[in-house]
file my_file-v3.cif (mmCIF, C-alpha atoms)
data_query
#
loop_
_atom_site.label_atom_id
_atom_site.label_comp_id
_atom_site.auth_asym_id
_atom_site.auth_seq_id
_atom_site.Cartn_x
_atom_site.Cartn_y
_atom_site.Cartn_z
CA ARG O 451 100.09 105.92 107.45
CA THR O 452 101.09 106.37 103.82
CA LEU O 453 97.84 108.18 103.12
CA ALA O 454 98.17 110.36 106.22
CA GLN O 455 101.54 111.58 104.96
CA LEU O 456 100.14 112.40 101.51
CA PRO O 457 99.18 116.10 101.12
CA ASP O 458 95.62 116.84 100.01
CA ALA O 459 96.90 118.58 96.88
CA GLU O 460 98.51 115.35 95.68
CA LEU O 461 95.45 113.09 95.88
CA ASP O 462 94.59 113.87 92.25
CA GLY O 463 98.00 112.62 91.12
CA ALA O 464 98.55 109.40 89.22
CA SER O 465 98.80 106.11 91.05
CA LEU O 466 100.86 103.15 89.83
CA LEU O 467 97.68 101.50 88.50
CA PRO O 468 96.66 102.20 84.88
CA ASP O 469 93.92 104.84 84.52
CA TRP O 470 93.55 105.27 88.29
CA SER O 471 94.40 108.37 90.27
CA ARG O 472 95.37 108.12 93.91
CA ARG O 473 91.73 108.91 94.70
CA HIS O 474 90.66 105.76 92.85
CA VAL O 475 93.08 103.63 94.85
CA ILE O 476 91.89 105.13 98.13
CA ALA O 477 88.23 104.64 97.22
CA HIS O 478 88.93 101.05 96.21
CA VAL O 479 90.51 100.29 99.58
CA CYS O 480 87.52 101.82 101.36
CA TYR O 481 84.97 99.81 99.41
CA ASN O 482 87.08 96.68 99.76
CA ALA O 483 86.54 96.99 103.52
CA GLN O 484 82.79 97.30 102.98
CA GLY O 485 82.80 94.32 100.62
CA LEU O 486 84.66 92.18 103.14
CA LEU O 487 82.24 93.35 105.82
CA ARG O 488 79.42 91.88 103.74
CA LEU O 489 81.22 88.54 103.90
CA VAL O 490 81.60 88.95 107.65
CA HIS O 491 77.84 89.61 107.86
CA TRP O 492 77.25 86.41 105.87
CA ALA O 493 79.44 84.47 108.30
CA ALA O 494 77.72 86.01 111.33
CA THR O 495 74.12 85.57 110.17
CA GLY O 496 74.14 82.75 107.64
CA VAL O 497 72.45 85.08 105.13
CA GLU O 498 74.30 84.79 101.82
CA THR O 499 75.78 88.20 101.02
CA PRO O 500 78.43 88.17 98.26
CA MET O 501 81.25 90.67 98.44
CA TYR O 502 80.00 92.53 95.35
CA ALA O 503 76.81 92.16 93.34
CA SER O 504 78.86 92.35 90.15
CA ARG O 505 82.18 93.61 88.81
CA GLN O 506 80.34 96.54 87.21
CA ASP O 507 78.82 97.55 90.55
CA ARG O 508 82.28 97.44 92.10
CA ASP O 509 83.78 99.60 89.34
CA ASP O 510 80.93 102.13 89.47
CA GLU O 511 81.30 102.42 93.25
CA ILE O 512 85.00 103.20 92.92
CA GLN O 513 84.34 105.87 90.30
CA ARG O 514 81.80 107.54 92.58
CA GLY O 515 84.11 107.31 95.56
CA ALA O 516 86.97 108.93 93.65
CA LYS O 517 84.77 112.04 93.25
CA LEU O 518 84.22 112.52 96.98
CA SER O 519 85.75 115.57 98.60
CA THR O 520 89.16 115.11 100.16
CA SER O 521 87.80 115.26 103.70
CA GLU O 522 85.01 112.79 102.89
CA LEU O 523 87.45 110.35 101.30
CA ARG O 524 89.88 110.49 104.22
CA ALA O 525 87.01 110.02 106.68
CA LEU O 526 85.72 107.06 104.68
CA VAL O 527 89.11 105.33 104.97
CA VAL O 528 88.92 105.46 108.76
CA ALA O 529 85.22 104.65 109.05
CA THR O 530 85.26 101.60 106.76
CA ALA O 531 88.38 100.17 108.37
CA ASN O 532 86.83 100.55 111.84
CA GLU O 533 83.55 98.98 110.72
CA LEU O 534 85.37 95.95 109.33
CA ASP O 535 87.41 95.62 112.51
CA GLU O 536 84.25 95.71 114.61
CA GLY O 537 82.67 93.07 112.38
CA TRP O 538 85.64 90.77 112.80
CA ARG O 539 85.68 91.22 116.55
CA GLY O 540 82.02 90.21 116.74
CA LEU O 541 82.45 86.85 115.00
CA SER O 542 82.11 83.67 117.04
CA ASP O 543 84.54 80.78 116.61
CA GLU O 544 81.90 78.95 114.61
CA ALA O 545 81.24 81.95 112.38
CA TRP O 546 84.94 82.27 111.54
CA ARG O 547 84.71 78.80 109.97
CA THR O 548 81.65 79.65 107.84
CA GLN O 549 82.18 79.27 104.09
CA VAL O 550 81.70 82.48 102.09
CA ARG O 551 82.68 83.63 98.60
CA MET O 552 83.12 86.71 96.47
CA ALA O 553 80.68 87.48 93.65
CA GLN O 554 81.79 84.25 92.01
CA GLY O 555 84.41 81.57 92.45
CA PRO O 556 85.08 79.00 95.15
CA GLU O 557 84.02 79.27 98.77
CA PHE O 558 86.51 79.88 101.57
CA PRO O 559 86.31 80.21 105.36
CA ALA O 560 85.63 83.64 106.82
CA THR O 561 89.13 83.59 108.35
CA THR O 562 90.46 84.20 104.82
CA THR O 563 88.98 87.71 104.87
CA ILE O 564 91.87 88.75 107.12
CA TRP O 565 94.40 87.74 104.46
CA LEU O 566 92.35 89.38 101.70
CA ARG O 567 92.38 92.66 103.60
CA THR O 568 96.06 92.37 104.48
CA ARG O 569 97.25 92.03 100.90
CA GLU O 570 94.88 94.78 99.76
CA VAL O 571 96.14 97.36 102.25
CA TRP O 572 99.85 96.70 101.82
CA LEU O 573 99.91 96.49 98.03
CA HIS O 574 97.69 99.51 97.47
CA ALA O 575 99.82 101.56 99.84
CA VAL O 576 102.57 101.01 97.26
CA ASP O 577 100.17 101.86 94.44
CA LEU O 578 99.64 105.33 95.92
CA ASN O 579 103.05 106.08 94.39
CA SER O 580 104.07 108.29 97.27
CA GLY O 581 107.00 106.56 98.93
CA ALA O 582 105.78 103.19 100.19
CA ALA O 583 107.54 100.23 98.57
CA CYS O 584 107.48 96.45 98.59
CA ASP O 585 110.82 96.66 100.39
CA ASP O 586 108.81 97.85 103.43
CA PHE O 587 106.83 94.59 103.61
CA PRO O 588 107.49 92.14 106.46
CA PRO O 589 109.30 88.99 105.23
CA ASN O 590 106.38 86.70 106.09
CA LEU O 591 104.04 88.89 104.02
CA ILE O 592 106.39 88.64 101.03
CA ASP O 593 106.49 84.85 101.37
CA ARG O 594 102.70 84.63 101.67
CA LEU O 595 102.18 86.83 98.61
CA LEU O 596 104.51 84.73 96.47
CA SER O 597 102.77 81.56 97.60
CA ASN O 598 99.37 83.11 96.88
CA VAL O 599 100.35 84.20 93.38
CA LEU O 600 101.81 80.80 92.49
CA SER O 601 98.69 79.06 93.79
CA ALA O 602 96.50 81.29 91.61
CA TRP O 603 98.65 80.63 88.54
CA ARG O 604 98.61 76.88 89.10
CA GLY O 605 94.83 76.89 89.36
CA ARG O 606 94.47 78.66 86.00
CA ALA O 607 97.51 77.26 84.17
CA ALA O 608 95.64 74.82 81.95
CA GLU O 609 92.72 77.14 81.24
CA GLU O 610 94.82 80.22 80.45
CA GLY O 611 97.97 78.62 79.10
CA ILE O 612 100.20 79.96 81.87
CA PRO O 613 103.72 78.62 81.30
CA ASN O 614 105.78 76.88 83.93
CA LEU O 615 107.24 79.94 85.61
CA VAL O 616 109.73 79.06 88.34
CA LEU O 617 110.41 81.80 90.88
CA SER O 618 113.95 81.52 92.19
CA PRO O 619 114.67 83.93 95.08
CA THR O 620 118.32 84.88 95.40
CA ASP O 621 118.18 85.82 99.07
CA ARG O 622 116.23 83.01 100.76
CA GLY O 623 114.09 79.95 100.28
CA VAL O 624 114.08 77.52 97.38
CA PRO O 625 112.73 77.83 93.82
CA LYS O 626 109.01 77.20 93.42
CA GLY O 627 107.08 76.99 90.20
CA VAL O 628 103.78 76.70 88.46
CA GLY O 629 104.96 73.19 87.57
CA ASP O 630 108.06 71.05 88.14
CA VAL O 631 111.02 73.23 89.12
CA ASP O 632 113.36 70.81 87.28
CA ASP O 633 111.44 71.11 84.01
CA PRO O 634 114.03 72.05 81.33
CA ALA O 635 111.38 74.10 79.54
CA ALA O 636 110.57 76.16 82.64
CA ILE O 637 111.08 79.91 82.59
CA VAL O 638 113.24 80.58 85.65
CA VAL O 639 112.73 84.10 86.99
CA ARG O 640 115.31 85.35 89.49
CA GLY O 641 115.51 88.20 91.95
CA THR O 642 115.24 88.80 95.66
CA ALA O 643 111.98 87.69 97.24
CA VAL O 644 110.90 91.33 97.24
CA ASP O 645 111.80 91.75 93.57
CA LEU O 646 109.86 88.59 92.69
CA THR O 647 106.83 89.77 94.65
CA ARG O 648 106.85 93.14 92.91
CA TRP O 649 107.08 91.44 89.50
CA ALA O 650 104.59 88.64 90.21
CA THR O 651 101.93 91.09 91.39
CA GLY O 652 102.36 93.21 88.26
CA ARG O 653 104.31 96.08 89.80
CA GLY O 654 107.55 96.23 87.82
CA PHE O 655 110.68 94.44 86.72
CA LEU O 656 113.20 96.00 89.12
CA GLY O 657 115.91 93.45 90.01
CA ILE O 658 114.38 90.73 87.82
CA THR O 659 116.46 88.48 85.55
CA THR O 660 115.97 85.07 83.96
CA ALA O 661 118.16 81.98 83.99
CA ASN O 662 119.20 82.46 80.37
CA GLU O 663 119.60 86.24 80.70
CA MET O 664 116.71 86.87 78.31
CA PRO O 665 114.25 89.65 79.14
CA ALA O 666 111.76 88.54 81.76
CA PRO O 667 108.19 88.09 80.52
CA SER O 668 105.33 90.06 81.96
CA ALA O 669 103.78 88.23 84.89
CA PRO O 670 100.44 86.53 84.20
CA ARG O 671 97.33 87.96 85.79
CA TRP O 672 97.25 87.21 89.51
CA ILE O 673 93.69 87.97 90.67
#
call {"tool": "encode", "arguments": {"input": "my_file-v3.cif", "output": "structure tokens"}}
result
Amino acid sequence: RTLAQLPDAELDGASLLPDWSRRHVIAHVCYNAQGLLRLVHWAATGVETPMYASRQDRDDEIQRGAKLSTSELRALVVATANELDEGWRGLSDEAWRTQVRMAQGPEFPATTTIWLRTREVWLHAVDLNSGAACDDFPPNLIDRLLSNVLSAWRGRAAEEGIPNLVLSPTDRGVPKGVGDVDDPAAIVVRGTAVDLTRWATGRGFLGITTANEMPAPSAPRWI
């Protein structure tokens, strides 16, 4: 819907993502659907088909897609979303439980592709920089995103030296952290759940404070 409301003349404008125009964001969302469809094919057939052959292939595909004509790019959004939906609808109960993976990393059940697509569509709608905002997200999506980010940080904390960041929402829930929430050395980051989601996913510091009123650090890499 955000894209449908965006005039053709504004597709060349800057997105919220560094070095990406709105065209790049749109192309990325299209090819994300195709990548997830490859995982669905894996689940349906048992033939191992990673989401992308490599990160370079993914990046090259996005660059090519960003050069499509406006009508081709808009049509690709609809076509790839419909193809993924058809793939999902064709999966058996057993196939949904099949373990798949991206180009690298751990395996996960095919059911996870629904979540991967959900976060992609909502967050990149915001990245179009044309009116959509994290404030528009359903509360359960906000909660799931915060949980997902914290899980990713915990998994890489030792390897990447991620500090014990404790996210303390001011409007609901309880503080949750990379480590012990009672750790006196923890960096306690405060804001509404929406503010924390925006910050934790690398999309700004609006509404963010820390327990000691010092400037909030930049959020570690999420994905």
call {"tool": "resolve_selection", "arguments": {"input": "my_file-v3.cif", "expression": "the PyMOL selection byres ((chain O and resi 577) around 8)", "output": "MDAnalysis selection string"}}
result
chainID O and resid 465:467 472 475 573:576 578:579
call {"tool": "write_last_selection", "arguments": {"input": "my_file-v3.cif", "atoms": "C-alpha atoms", "output": "compact mmCIF listing (two decimals), in the coordinates of the input"}}
result
# COMPACT_ATOMS: atom_id res chain seq x y z
CA SER O 465 98.80 106.11 91.05
CA LEU O 466 100.86 103.15 89.83
CA LEU O 467 97.68 101.50 88.50
CA ARG O 472 95.37 108.12 93.91
CA VAL O 475 93.08 103.63 94.85
CA LEU O 573 99.91 96.49 98.03
CA HIS O 574 97.69 99.51 97.47
CA ALA O 575 99.82 101.56 99.84
CA VAL O 576 102.57 101.01 97.26
CA LEU O 578 99.64 105.33 95.92
CA ASN O 579 103.05 106.08 94.39
call {"tool": "resolve_selection", "arguments": {"input": "my_file-v3.cif", "expression": "the PyMOL selection byres ((chain O and resi 658) around 9)", "output": "PyMOL selection string"}}
result
chain O and resi 639-642+645-646+649+654-657+659-660+665-666
call {"tool": "write_last_selection", "arguments": {"input": "my_file-v3.cif", "atoms": "C-alpha atoms", "output": "compact mmCIF listing (two decimals), keeping the file's coordinate frame"}}
result
# COMPACT_ATOMS: atom_id res chain seq x y z
CA VAL O 639 112.73 84.10 86.99
CA ARG O 640 115.31 85.35 89.49
CA GLY O 641 115.51 88.20 91.95
CA THR O 642 115.24 88.80 95.66
CA ASP O 645 111.80 91.75 93.57
CA LEU O 646 109.86 88.59 92.69
CA TRP O 649 107.08 91.44 89.50
CA GLY O 654 107.55 96.23 87.82
CA PHE O 655 110.68 94.44 86.72
CA LEU O 656 113.20 96.00 89.12
CA GLY O 657 115.91 93.45 90.01
CA THR O 659 116.46 88.48 85.55
CA THR O 660 115.97 85.07 83.96
CA PRO O 665 114.25 89.65 79.14
CA ALA O 666 111.76 88.54 81.76
call {"tool": "resolve_selection", "arguments": {"input": "my_file-v3.cif", "expression": "the PyMOL selection byres ((chain O and resi 526-538) around 6)", "output": "list in words"}}
result
Cys480, Ala483, Leu487, Leu523, Arg524, Ala525, Arg539, Gly540 and Leu541 of chain O
call {"tool": "atom_distance", "arguments": {"input": "my_file-v3.cif", "atom1": "CA of Val479 in chain O", "atom2": "CA of Ala464 in chain O"}}
result
16.0 Å
call {"tool": "residues_around", "arguments": {"input": "my_file-v3.cif", "residues": "range 498-501 of chain O", "least_positions_apart": "6", "cutoff": "9 Å", "atoms": "only C-alpha atoms", "output": "list of chain:residue names"}}
result
O:Asn482, O:Gln484, O:Gly485, O:Leu486, O:Leu487, O:Arg488, O:Leu489, O:Val490, O:His491, O:Trp492, O:Val550, O:Arg551, O:Met552, O:Ala553, O:Gln554
call {"tool": "closest_residue", "arguments": {"input": "my_file-v3.cif", "among": "O:Asn590, O:Ser471, O:Ser519, O:Ser504", "to": "Thr568 in chain O", "atoms": "all atoms listed in the file"}}
result
O:Asn590
